[in-house]
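Undergrad: Here it is, the structure in full.
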Amino acid sequence: MSAHSDYIKQETITGAVPMLKKDRQYSFIDLFLATSGFSIATWCYTQGAYVAQYLSFKQMLINIFCFNIVWILIECIPILFAVRYGIDLWIWLRSVLGIKGVAIFATVISMANFGWYAVDSQLFASSMINLLGGFGIALNPSIWKPVLGVLCVILGTLIALGGPEVIKWTNRFLVTALLAVGIIIVIICFTSVPIGDINKVVPDDSLYSSPLGRFMLSAEGNVAFAFSWSTQALVMPRLAKTERSGYWATSLAYGVVAPFFVAAGGVMALAMFVKYGYYESDPTTMLAKLAGPGFSLLSLLLVAFANIGTQGTGSYVNCMIVKGGLPNIRYKTLVIIAMFYVSALTVWGWVMDNFGSFISCAAYIQGPIIGMTVVDYLIVKKRKISLRGLYYLDDHDEYKFNNGFNFVGLGCMLIAFVLGILFVYNPVNGAIKSNIFMVTTGSGFTAISGGLLYWLASLTPLKKYMLRDRNSLDIV
């Protein structure tokens, strides 16, 4: 095989070239395990602990599962085109934002997404410090936490450089083990603390005075958590063999498996409060205190190495997102740049210290894109697109718009973002601006308004601008 052929094959896996059906590597179970391994990093426990403080036990379970499942099922709809055409979300978005618009927002959103992996690496560091502490080796956290966190990033980078095949086999082992650990963790919580005592915990009312306000503010966290997958969820399904397996493997991983681990984190936080009188968000600390010595060490070890797997998958996915906007940059180059960037975020520590604000701010950027993508795919373009136009082949310039920018898509995104901050909810300071928040949440509002504005634009003379591809002979 020639070097040119090798390059083309490589680019179909770690590049922006459409993935041909004969090259698809992932069955339902492969994609489900890889996506689950990506989604059940220990930040799930952190998210659960965040919600548990402000809701009763039953409210917490309803809040976590309902908001995650509903929004995941909606935002995963465009996975059907990802599998059908062998492309990811960011290639399709060239027709919604323009190629230069995609280059900008793919980079911005990936830089925000990488904040999750700074959290991931810090939790890995905590796991290792607690694990070694169990063997009587005391490490100074102020010195070793940054060092071990960066080590996690480096090890994850090695997995990312191996590509989807390495990711697949890494997650086959880790996810199976972690699912078992998650189930055992819940059992341990309910056996170490009576469920009746957990039910009696009175929610903290410092977040908001009314029960509805606390419920919806917690819902904002869960909607933002669901949205955090959106721009990443539509990358790996391009490797799936069928549309059905691509949709359901992704939806079940993000909509059921991830919320289960969020709920497990919430149960652990409540059990910690009942037993020790305070809430804890670090899962390794909770495991060390609630589980017996033997199991806690095993669990800490699995949790620690799960973070390495997540780091690797996340690096692959987000570098693919950037490559969708900047296709000329080599994949390996992006992975190395990401390694230094996440390492810097890990040492800085800001994301972990401002977790709630971080996920809402990121969701406010992703929300309008979710709404517009679903509306564009189902209603405006009616599931048809010009592949030559997406890649500007044979002088096809359907999606060139205004010098690479689609002003309609970018305008809808900007308006939805500004409306959300000014009139519904400010994710920076947590201020509720309107009762609309009590129905949609802030992140939900940006998704709904983004999609609604894009649909309304298609009912005006702007439709001709938005559908410049309808005269293309290769539209499929």
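For the structure tokens, the naming scheme is as follows: chains receive sequential letters (A, B, ...) according to their order of presentation, residues are indexed from 1 within each chain, and ligands are indexed from 1 in presentation order.
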If we count only C-alpha atoms and set the cut-off at 8 Å, which residues sit around segment 157-170 of chain A, ignoring sequence neighbours fewer than 5 positions away in its own chain? Please answer as a list in words.
TA: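 Everything that qualifies: Ile13, Thr14, Gln25, Asp30, Leu31, Leu33, Ala34, Gly309, Gln311, Gly312, Thr313, Ser315, Tyr316, Lys332, Val335, Ile336 and Met339 of chain A.
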Undergrad: Output C-alpha atoms for every residue in that selection, as a short mmCIF file (atom, residue, chain, number, x, y, z; two decimals), in the first residue's frame.
TA:
data_model
loop_
_atom_site.label_atom_id
_atom_site.label_comp_id
_atom_site.auth_asym_id
_atom_site.auth_seq_id
_atom_site.Cartn_x
_atom_site.Cartn_y
_atom_site.Cartn_z
CA ILE A 13 -9.96 7.45 11.52
CA THR A 14 -8.14 10.45 13.00
CA GLN A 25 -14.70 -0.62 13.55
CA ASP A 30 -17.85 -1.59 21.21
CA LEU A 31 -19.36 1.89 20.93
CA LEU A 33 -18.38 0.41 26.14
CA ALA A 34 -16.11 3.08 24.66
CA GLY A 309 -8.97 5.86 29.96
CA GLN A 311 -8.39 11.18 29.47
CA GLY A 312 -7.39 9.22 26.37
CA THR A 313 -10.90 9.05 24.89
CA SER A 315 -8.30 13.77 23.98
CA TYR A 316 -9.18 11.78 20.85
CA LYS A 332 -0.93 13.85 16.57
CA VAL A 335 -3.04 15.62 20.81
CA ILE A 336 0.36 16.93 21.97
CA MET A 339 -1.58 17.47 26.57
#
Undergrad: What lies within 10 Å of Phe81 of chain A using only C-alpha atoms, ignoring chain neighbours under 4 positions off, as a ChimeraX atom specification?
TA: /A:77,85-89,92,234,237-238,243,247,377,383-385
Undergrad: For a quick check of understanding, using only C-alpha atoms, which of A:Lys400, A:Gln53, A:Trp229, A:Val150 has the smallest distance to Arg388 of chain A?
TA: A:Lys400
Undergrad: Kindly assemble as a tab-separated table a list of the segment 19-101 of chain A residues that lie within 9 Å of segment 356-371 of chain A, each paired with its nearest atom pair and their distance in Å to one decimal, using only C-alpha atoms, sorted first by chain and then by ascending residue number.
TA:
residue	atom	partner	partner_atom	distance
A:Gln47	CA	A:Gly356	CA	8.5
A:Tyr50	CA	A:Gly356	CA	7.9
A:Ile74	CA	A:Ile370	CA	8.8
A:Glu75	CA	A:Ile370	CA	6.1
A:Leu93	CA	A:Ile369	CA	8.8
Undergrad: Tell me, which residues of segment 258-446 of chain A carry DSSP strand (DSSP E or B), written as a PyMOL selection string?
TA: chain A and resi 386+402+405+425-426+431-432
Undergrad: Which residues in segment 129-374 of chain A does DSSP call alpha helix (DSSP H)? List them as number ranges by chain.
TA: A: 129-134, 141-162, 164-192, 195-199, 211-227, 230-233, 243-252, 258-276, 283-290, 293-325, 331-348, 350-353, 355-374
Undergrad: Between atom CA of Leu393 of chain A and atom CA of Cys319 of chain A, what is the spacing in Å?
TA: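 That distance, rounded to one decimal, is 23.7 Å.
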Undergrad: Could you pull the residues within 10 Å of Asp204 of chain A, counting only C-alpha atoms, minus those fewer than 5 positions along the same chain, as number ranges by chain?
TA: A: 52-56, 209, 214
Undergrad: Rank A:Ser27, A:Asn402, A:Asn130, A:Thr446 by their smallest atom-to-atom distance to Val223 of chain A, using only C-alpha atoms, and report the top residue only.
TA: A:Thr446
